[in-house]
file run18.cif (mmCIF, C-alpha atoms and all ligand atoms)
data_structure
loop_
_atom_site.label_atom_id
_atom_site.label_comp_id
_atom_site.auth_asym_id
_atom_site.auth_seq_id
_atom_site.Cartn_x
_atom_site.Cartn_y
_atom_site.Cartn_z
CA MET Z 270 -18.85 28.85 45.81
CA ALA Z 271 -22.56 29.23 46.56
CA GLU Z 272 -24.75 31.27 44.29
CA ILE Z 273 -25.76 34.56 45.90
CA SER Z 274 -29.46 35.40 45.96
CA ILE Z 275 -30.53 38.93 45.17
CA GLU Z 276 -33.55 40.68 46.55
CA LYS Z 277 -34.96 42.20 43.35
CA LYS Z 278 -36.73 45.50 43.80
CA SER Z 279 -37.53 47.79 40.93
CA VAL Z 280 -34.29 47.36 39.07
CA GLU Z 281 -33.32 49.45 36.13
CA ASN Z 282 -31.97 47.95 32.91
CA ALA Z 283 -28.53 49.17 31.89
CA ASP Z 284 -26.29 48.15 29.02
CA PHE Z 285 -23.13 48.35 31.10
CA VAL Z 286 -22.46 48.85 34.77
CA PHE Z 287 -18.82 49.67 35.54
CA LEU Z 288 -17.54 48.77 39.01
CA ASP Z 289 -14.30 49.83 40.68
CA SER Z 290 -13.23 50.66 44.22
CA GLY Z 291 -13.24 54.34 43.25
CA THR Z 292 -12.78 56.52 40.20
CA GLY Z 293 -10.36 54.21 38.36
CA GLY Z 294 -12.82 52.65 35.94
CA LEU Z 295 -14.09 56.00 34.65
CA PRO Z 296 -11.60 56.26 31.75
CA TYR Z 297 -12.82 52.82 30.64
CA MET Z 298 -16.45 53.89 30.71
CA LEU Z 299 -15.68 57.14 28.89
CA HIS Z 300 -13.80 55.21 26.22
CA LEU Z 301 -16.76 52.89 25.75
CA LYS Z 302 -19.05 55.90 25.44
CA GLU Z 303 -16.76 57.32 22.74
CA LYS Z 304 -17.14 54.11 20.77
CA ARG Z 305 -20.84 53.57 21.54
CA PRO Z 306 -22.42 56.92 22.45
CA ASP Z 307 -25.86 55.30 22.56
CA ALA Z 308 -24.93 52.82 25.32
CA PHE Z 309 -26.61 53.40 28.67
CA CYS Z 310 -23.83 53.09 31.24
CA VAL Z 311 -23.84 53.32 35.02
CA TYR Z 312 -20.70 53.79 37.07
CA VAL Z 313 -20.45 52.52 40.64
CA ALA Z 314 -17.44 53.44 42.78
CA ASP Z 315 -17.32 51.18 45.82
CA THR Z 316 -15.91 54.01 47.88
CA ARG Z 317 -17.10 52.37 51.10
CA ASN Z 318 -14.41 49.72 50.59
CA PHE Z 319 -11.66 51.83 48.97
CA PRO Z 320 -8.80 50.93 48.73
CA TYR Z 321 -9.12 47.32 47.62
CA GLY Z 322 -5.43 47.02 46.81
CA GLN Z 323 -4.33 46.92 50.46
CA LYS Z 324 -6.81 44.18 51.44
CA SER Z 325 -6.31 40.42 51.62
CA ALA Z 326 -7.65 38.23 48.82
CA ALA Z 327 -10.48 37.03 51.09
CA GLU Z 328 -11.46 40.60 52.00
CA ILE Z 329 -11.43 41.65 48.35
CA THR Z 330 -13.63 38.73 47.37
CA ALA Z 331 -16.14 39.50 50.15
CA SER Z 332 -16.20 43.25 49.36
CA ALA Z 333 -16.57 42.65 45.63
CA GLN Z 334 -19.41 40.17 46.17
CA ALA Z 335 -21.22 42.66 48.38
CA ALA Z 336 -20.66 45.44 45.83
CA VAL Z 337 -22.01 43.32 42.96
CA LYS Z 338 -25.01 42.39 45.07
CA LEU Z 339 -25.63 46.07 45.76
CA VAL Z 340 -25.34 46.91 42.06
CA LEU Z 341 -27.88 44.21 41.22
CA ARG Z 342 -30.30 45.57 43.77
CA TYR Z 343 -30.60 48.69 41.62
CA PHE Z 344 -29.55 47.67 38.12
CA ASN Z 345 -29.94 44.86 35.68
CA PRO Z 346 -26.86 45.23 33.48
CA ALA Z 347 -26.44 43.40 30.18
CA ALA Z 348 -22.76 43.29 31.19
CA LEU Z 349 -20.90 44.16 34.37
CA VAL Z 350 -17.46 45.56 33.63
CA ILE Z 351 -15.10 45.13 36.56
CA GLY Z 352 -12.99 48.24 35.93
CA CYS Z 353 -10.52 47.13 38.56
CA ASN Z 354 -7.44 44.95 38.13
CA THR Z 355 -7.33 44.12 41.83
CA ILE Z 356 -10.84 42.64 41.88
CA SER Z 357 -10.33 40.93 38.53
CA VAL Z 358 -7.06 39.13 39.31
CA THR Z 359 -8.23 38.20 42.81
CA ALA Z 360 -11.93 37.48 42.70
CA LEU Z 361 -13.35 37.31 39.19
CA GLU Z 362 -13.58 33.54 39.20
CA GLN Z 363 -15.53 33.58 42.48
CA LEU Z 364 -17.77 36.38 41.20
CA ARG Z 365 -18.65 34.39 38.09
CA ALA Z 366 -19.50 31.40 40.31
CA SER Z 367 -21.58 33.52 42.70
CA PHE Z 368 -23.53 35.33 39.97
CA PRO Z 369 -23.80 32.74 37.19
CA SER Z 370 -26.39 34.59 35.13
CA LEU Z 371 -24.37 37.79 34.96
CA HIS Z 372 -22.00 38.61 32.08
CA PHE Z 373 -18.73 39.86 33.52
CA VAL Z 374 -15.87 41.64 31.75
CA GLY Z 375 -12.61 41.67 33.72
CA THR Z 376 -9.65 44.04 33.62
CA VAL Z 377 -6.18 42.58 33.97
CA PRO Z 378 -2.71 44.13 33.53
CA ALA Z 379 -1.78 44.49 29.84
CA ILE Z 380 1.19 42.15 30.07
CA LYS Z 381 0.60 40.67 26.61
CA GLN Z 382 0.58 44.11 25.04
CA ALA Z 383 3.73 45.11 26.94
CA ALA Z 384 5.52 41.98 25.76
CA ALA Z 385 4.65 42.90 22.17
CA VAL Z 386 6.19 46.39 22.37
CA THR Z 387 9.17 46.05 24.72
CA LYS Z 388 12.56 46.06 23.03
CA ASN Z 389 14.80 45.31 25.98
CA LYS Z 390 12.41 42.79 27.58
CA ARG Z 391 12.28 44.73 30.83
CA ILE Z 392 8.68 45.53 31.66
CA GLY Z 393 7.47 47.61 34.59
CA LEU Z 394 4.15 46.77 36.24
CA LEU Z 395 2.60 49.62 38.22
CA ALA Z 396 -0.33 48.28 40.23
CA THR Z 397 -1.79 47.72 43.68
CA GLN Z 398 -0.09 45.59 46.31
CA ARG Z 399 -2.68 42.83 45.83
CA THR Z 400 -2.30 42.79 42.03
CA VAL Z 401 1.50 42.69 42.38
CA ASP Z 402 1.29 39.80 44.86
CA GLU Z 403 -1.51 37.70 43.31
CA PRO Z 404 -0.41 34.42 41.70
CA TYR Z 405 -2.77 35.24 38.80
CA THR Z 406 -0.44 38.10 37.81
CA ALA Z 407 2.59 35.80 37.83
CA ASP Z 408 0.62 33.35 35.68
CA LEU Z 409 -0.15 36.11 33.16
CA ALA Z 410 3.57 36.94 32.97
CA ARG Z 411 4.52 33.27 32.50
CA GLN Z 412 1.91 32.89 29.78
CA PHE Z 413 2.34 36.13 27.83
CA ALA Z 414 5.84 37.41 28.61
CA PRO Z 415 7.94 34.32 29.35
CA ASP Z 416 11.12 35.90 27.97
CA CYS Z 417 10.71 39.23 29.82
CA THR Z 418 11.66 40.44 33.28
CA LEU Z 419 8.63 41.87 35.07
CA ILE Z 420 9.61 44.68 37.44
CA LYS Z 421 6.71 45.20 39.86
CA ARG Z 422 5.83 48.25 41.90
CA ALA Z 423 2.83 48.74 44.16
CA ASP Z 424 2.00 52.41 44.62
CA PRO Z 425 -0.85 52.92 47.12
CA ALA Z 426 0.18 56.56 47.68
CA LEU Z 427 -0.31 57.38 43.99
CA ILE Z 428 -3.69 55.60 43.98
CA TYR Z 429 -4.77 57.56 47.06
CA PHE Z 430 -3.66 60.80 45.37
CA ILE Z 431 -5.68 60.02 42.25
CA GLU Z 432 -8.79 59.06 44.21
CA HIS Z 433 -8.76 62.05 46.55
CA ASP Z 434 -6.65 64.89 45.17
CA PHE Z 435 -6.09 64.45 41.46
CA PHE Z 436 -9.11 66.29 40.16
CA THR Z 437 -8.22 69.46 41.99
CA ALA Z 438 -4.43 69.06 41.75
CA SER Z 439 -2.07 71.33 39.82
CA GLU Z 440 0.18 70.05 37.03
CA THR Z 441 3.13 70.39 39.40
CA ASP Z 442 1.37 68.20 41.99
CA LYS Z 443 0.60 65.59 39.34
CA LYS Z 444 4.20 65.49 38.13
CA ALA Z 445 5.45 65.16 41.70
CA ALA Z 446 2.96 62.35 42.38
CA VAL Z 447 4.11 60.17 39.46
CA LYS Z 448 7.84 60.87 39.89
CA PRO Z 449 8.68 58.11 42.42
CA ALA Z 450 7.15 55.43 40.17
CA VAL Z 451 8.71 56.75 36.98
CA ASP Z 452 12.13 57.08 38.64
CA PHE Z 453 11.83 53.56 40.04
CA PHE Z 454 11.20 52.02 36.61
CA SER Z 455 13.87 54.15 35.00
CA ALA Z 456 16.46 53.00 37.56
CA GLN Z 457 15.47 49.40 36.79
CA GLY Z 458 15.92 49.94 33.04
CA ALA Z 459 12.30 49.23 32.07
CA ASP Z 460 11.46 50.43 28.54
CA THR Z 461 7.73 49.70 29.01
CA ILE Z 462 5.37 50.54 31.87
CA ILE Z 463 2.02 48.80 32.32
CA LEU Z 464 -0.69 50.84 34.03
CA GLY Z 465 -1.96 47.83 36.00
CA CYS Z 466 -4.38 49.75 38.20
CA THR Z 467 -7.22 51.54 36.48
CA HIS Z 468 -6.70 54.69 38.56
CA PHE Z 469 -3.41 55.35 36.77
CA LEU Z 470 -5.18 55.92 33.45
CA HIS Z 471 -6.28 59.31 34.73
CA LEU Z 472 -2.58 60.22 34.74
CA SER Z 473 -1.37 58.33 31.66
CA ASP Z 474 -0.38 61.51 29.82
CA VAL Z 475 1.57 62.79 32.85
CA ILE Z 476 3.28 59.41 33.28
CA GLU Z 477 4.12 59.21 29.56
CA LYS Z 478 5.64 62.67 29.61
CA ALA Z 479 7.65 62.02 32.77
CA ALA Z 480 8.91 58.66 31.47
CA GLY Z 481 10.16 60.16 28.20
CA LYS Z 482 9.86 59.13 24.59
CA ASP Z 483 11.94 55.95 24.92
CA VAL Z 484 9.47 54.39 27.34
CA ARG Z 485 6.15 52.93 26.20
CA VAL Z 486 3.19 53.21 28.56
CA VAL Z 487 0.49 50.60 27.97
CA ASP Z 488 -2.92 49.88 29.45
CA SER Z 489 -5.88 47.53 28.98
CA LYS Z 490 -8.53 50.10 28.08
CA GLU Z 491 -8.96 49.16 24.42
CA GLY Z 492 -9.10 45.42 25.10
CA VAL Z 493 -11.58 45.71 27.95
CA VAL Z 494 -13.91 48.02 26.04
CA ASN Z 495 -13.77 45.86 22.92
CA GLN Z 496 -14.61 42.78 24.99
CA ALA Z 497 -17.57 44.60 26.58
CA LEU Z 498 -18.84 45.62 23.16
CA ARG Z 499 -18.45 42.07 21.86
CA LEU Z 500 -20.62 40.87 24.75
CA VAL Z 501 -23.28 43.54 24.22
CA PRO Z 502 -23.10 44.44 20.54
CA GLU Z 503 -26.47 46.16 20.42
CA PRO Z 504 -27.02 48.43 23.43
CA SER Z 505 -30.74 48.70 24.03
CA ALA Z 506 -31.37 49.78 27.61
CA ALA Z 507 -33.02 53.09 28.27
CA CYS Z 508 -32.50 55.26 31.28
CA ASP Z 509 -35.31 55.02 33.81
CA SER Z 510 -36.20 56.82 37.02
CA LEU Z 511 -33.04 56.20 39.04
CA CYS Z 512 -30.83 57.93 36.51
CA LYS Z 513 -33.18 60.77 35.81
CA THR Z 514 -31.68 64.05 36.89
CA GLU Z 515 -33.60 67.22 37.51
CA HIS Z 516 -33.18 68.33 33.95
CA ARG Z 517 -33.23 65.35 31.67
CA TYR Z 518 -32.81 61.62 31.35
CA GLU Z 519 -29.11 60.87 31.30
CA ASP Z 520 -27.40 58.05 29.52
CA CYS Z 521 -24.80 57.47 32.20
CA THR Z 522 -24.66 58.23 35.89
CA PHE Z 523 -21.96 58.07 38.55
CA PHE Z 524 -22.72 56.58 41.98
CA VAL Z 525 -20.65 55.96 45.11
CA THR Z 526 -21.36 53.48 47.92
CA GLY Z 527 -20.57 55.53 50.98
CA PRO Z 528 -19.76 55.43 53.86
CA ASP Z 529 -22.76 57.47 55.01
CA ASP Z 530 -20.53 60.36 56.10
CA ILE Z 531 -18.52 60.39 52.86
CA ASP Z 532 -17.52 63.82 51.61
CA GLU Z 533 -19.29 63.75 48.27
CA SER Z 534 -18.02 67.11 47.07
CA PRO Z 535 -14.88 65.80 45.27
CA TYR Z 536 -17.01 63.23 43.46
CA LYS Z 537 -19.49 65.90 42.45
CA ILE Z 538 -16.66 68.07 41.12
CA LEU Z 539 -15.23 65.14 39.24
CA ALA Z 540 -18.59 64.19 37.74
CA GLU Z 541 -19.10 67.77 36.67
CA LYS Z 542 -15.65 67.93 35.07
CA LEU Z 543 -16.23 64.71 33.17
CA ASN Z 544 -19.76 65.74 32.27
CA ILE Z 545 -21.28 62.69 33.94
CA PRO Z 546 -24.34 63.26 36.14
CA TYR Z 547 -23.69 62.47 39.80
CA GLY Z 548 -26.26 60.06 41.23
CA GLY Z 549 -25.40 60.03 44.95
CA ILE Z 550 -24.90 57.12 47.34
CA LEU Z 551 -26.20 53.63 46.53
CA ARG Z 552 -27.33 52.12 49.82
CA GLU Z 553 -28.27 48.61 50.80
CA THR Z 554 -31.48 49.62 52.49
CA GLU Z 555 -33.12 52.33 50.47
CA LYS Z 556 -33.20 53.92 47.06
CA ALA Z 557 -30.47 56.45 46.39
CA LEU Z 558 -32.66 59.14 44.97
N1 LIG Z 601 -8.50 50.74 40.57
C1 LIG Z 601 -8.16 49.52 41.19
C2 LIG Z 601 -7.35 48.58 40.30
O1 LIG Z 601 -7.42 48.66 39.09
C3 LIG Z 601 -7.69 49.47 42.61
C4 LIG Z 601 -7.54 50.68 43.48
C5 LIG Z 601 -7.65 50.28 44.95
O2 LIG Z 601 -8.78 50.24 45.43
O3 LIG Z 601 -6.64 49.99 45.59
O4 LIG Z 601 -6.68 47.71 40.78
#

call {"tool": "encode", "arguments": {"input": "run18.cif", "output": "structure tokens"}}
result
Amino acid sequence: MAEISIEKKSVENADFVFLDSGTGGLPYMLHLKEKRPDAFCVYVADTRNFPYGQKSAAEITASAQAAVKLVLRYFNPAALVIGCNTISVTALEQLRASFPSLHFVGTVPAIKQAAAVTKNKRIGLLATQRTVDEPYTADLARQFAPDCTLIKRADPALIYFIEHDFFTASETDKKAAVKPAVDFFSAQGADTIILGCTHFLHLSDVIEKAAGKDVRVVDSKEGVVNQALRLVPEPSAACDSLCKTEHRYEDCTFFVTGPDDIDESPYKILAEKLNIPYGGILRETEKAL
């Protein structure tokens, strides 16, 4: 795969840029900030291309390459954390080939962890359609859970709910949203559920509660964050103009990629709730701020 050339403007150094199709990677970034409060993190939700999980592998690769190129137009990250299982299982190899000087951290379903905790060897994988279908996922299962049955479920409706409605939803709405998935795995006798799409981490407590105490719910957050911190052990970037809000320099900022007519209000509410400054739309042609 050919190396992609980047038109470098005035880019801003960052310790970590997190990239997902939407809000899914935020719990990963927040976890990293808990462990390394001094790290300067930027979050980019490629909302222009959401959802990735319903696209073909070729479309995901093309969208992810364009999103990384856009990120690099604005930021120079010490590490780029792909907070998205769909991109990671489908396109990470191509991304590494296209951007050879960039340090990537991928996010893949926590199959190894599930295999370590399951008692009945029946593991549920809750993910996107693409992650469920990708041969990479089957390879992970063969490698790390050869003696287990992997019960897969793609749940685009739940992902849509989390991206668009979750942050204003009631507890009753949240319970109703996770119920089909939890019931599905229960009917299949799974004693472990892998949150194989980063969006689901926003609802891990609701899923855990609905699944009951005999079911373990696992995710990749700890492993991904630890890998990022191994790659960049000494965060050193400082926030520059792009991430400066009206009031102060912030040490993490949340951007979306559009489309131009995107309703930004839910993202602003979310950013406010999570106490992350909202940075606006990153565009290919002009500075966001
Ligand atoms: N959050 C993403 C993942 O981990 C995908 C959501 C989507 O765009 O479909 O796979």

call {"tool": "residues_near_ligand", "arguments": {"input": "run18.cif", "ligand": "ligand LIG 601 (chain Z)", "cutoff": "9 Å", "atoms": "all atoms listed in the file", "output": "VMD selection string"}}
result
chain Z and resid 289 to 294 315 to 316 318 to 324 351 to 358 376 to 378 396 to 400 425 428 to 429 432 464 to 469

call {"tool": "residues_around", "arguments": {"input": "run18.cif", "residues": "stretch 302-313 of chain Z", "least_positions_apart": "2", "cutoff": "9 Å", "atoms": "only C-alpha atoms", "output": "number ranges by chain"}}
result
Z: 282-292, 294-295, 297-300, 315-316, 336, 340, 344, 346, 494, 498, 503-508, 512, 519-526, 551

call {"tool": "closest_residue", "arguments": {"input": "run18.cif", "among": "Z:Ser367, Z:Thr554, Z:Thr437, Z:Ser473", "to": "Z:Pro535", "atoms": "all atoms listed in the file"}}
result
Z:Thr437

call {"tool": "residues_around", "arguments": {"input": "run18.cif", "residues": "Z:Asp460", "least_positions_apart": "3", "cutoff": "8 Å", "atoms": "all atoms listed in the file", "output": "number ranges by chain"}}
result
Z: 387-393, 455, 483-485

call {"tool": "atom_distance", "arguments": {"input": "run18.cif", "atom1": "atom CA of Z:Ala383", "atom2": "atom CA of Z:Phe430"}}
result
25.3 Å

call {"tool": "atom_distance", "arguments": {"input": "run18.cif", "atom1": "atom CA of Z:Ile431", "atom2": "atom CA of Z:His471"}}
result
7.6 Å

call {"tool": "axis_aligned_box", "arguments": {"input": "run18.cif", "around": "stretch 440-457 of chain Z", "padding_each_side": "4 Å", "output": "JSON"}}
result
{"center_x": 8.3, "center_y": 59.9, "center_z": 38.7, "size_x": 24.3, "size_y": 29.0, "size_z": 15.4}

call {"tool": "atom_distance", "arguments": {"input": "run18.cif", "atom1": "atom CA of Z:Gln363", "atom2": "atom CA of Z:Ser325"}}
result
14.7 Å

call {"tool": "residues_around", "arguments": {"input": "run18.cif", "residues": "Z:Ile538", "least_positions_apart": "2", "cutoff": "12 Å", "atoms": "only C-alpha atoms", "output": "list of chain:residue names"}}
result
Z:His433, Z:Asp434, Z:Phe435, Z:Phe436, Z:Thr437, Z:Phe523, Z:Asp532, Z:Glu533, Z:Ser534, Z:Pro535, Z:Tyr536, Z:Ala540, Z:Glu541, Z:Lys542, Z:Leu543, Z:Asn544, Z:Ile545, Z:Pro546, Z:Tyr547

call {"tool": "residues_around", "arguments": {"input": "run18.cif", "residues": "Z:Val374", "least_positions_apart": "3", "cutoff": "8 Å", "atoms": "all atoms listed in the file", "output": "list in words"}}
result
Ala348, Leu349, Val350, Ile351, Val493, Gln496 and Ala497 of chain Z

call {"tool": "residues_around", "arguments": {"input": "run18.cif", "residues": "stretch 401-403 of chain Z", "least_positions_apart": "6", "cutoff": "9 Å", "atoms": "all atoms listed in the file", "output": "PyMOL selection string"}}
result
chain Z and resi 326+355+358-359+394-395+421-423+465

call {"tool": "write_last_selection", "arguments": {"input": "run18.cif", "atoms": "C-alpha atoms", "output": "CSV table (one decimal), keeping the file's coordinate frame"}}
result
chain,number,residue,atom,x,y,z
Z,326,ALA,CA,-7.6,38.2,48.8
Z,355,THR,CA,-7.3,44.1,41.8
Z,358,VAL,CA,-7.1,39.1,39.3
Z,359,THR,CA,-8.2,38.2,42.8
Z,394,LEU,CA,4.2,46.8,36.2
Z,395,LEU,CA,2.6,49.6,38.2
Z,421,LYS,CA,6.7,45.2,39.9
Z,422,ARG,CA,5.8,48.2,41.9
Z,423,ALA,CA,2.8,48.7,44.2
Z,465,GLY,CA,-2.0,47.8,36.0
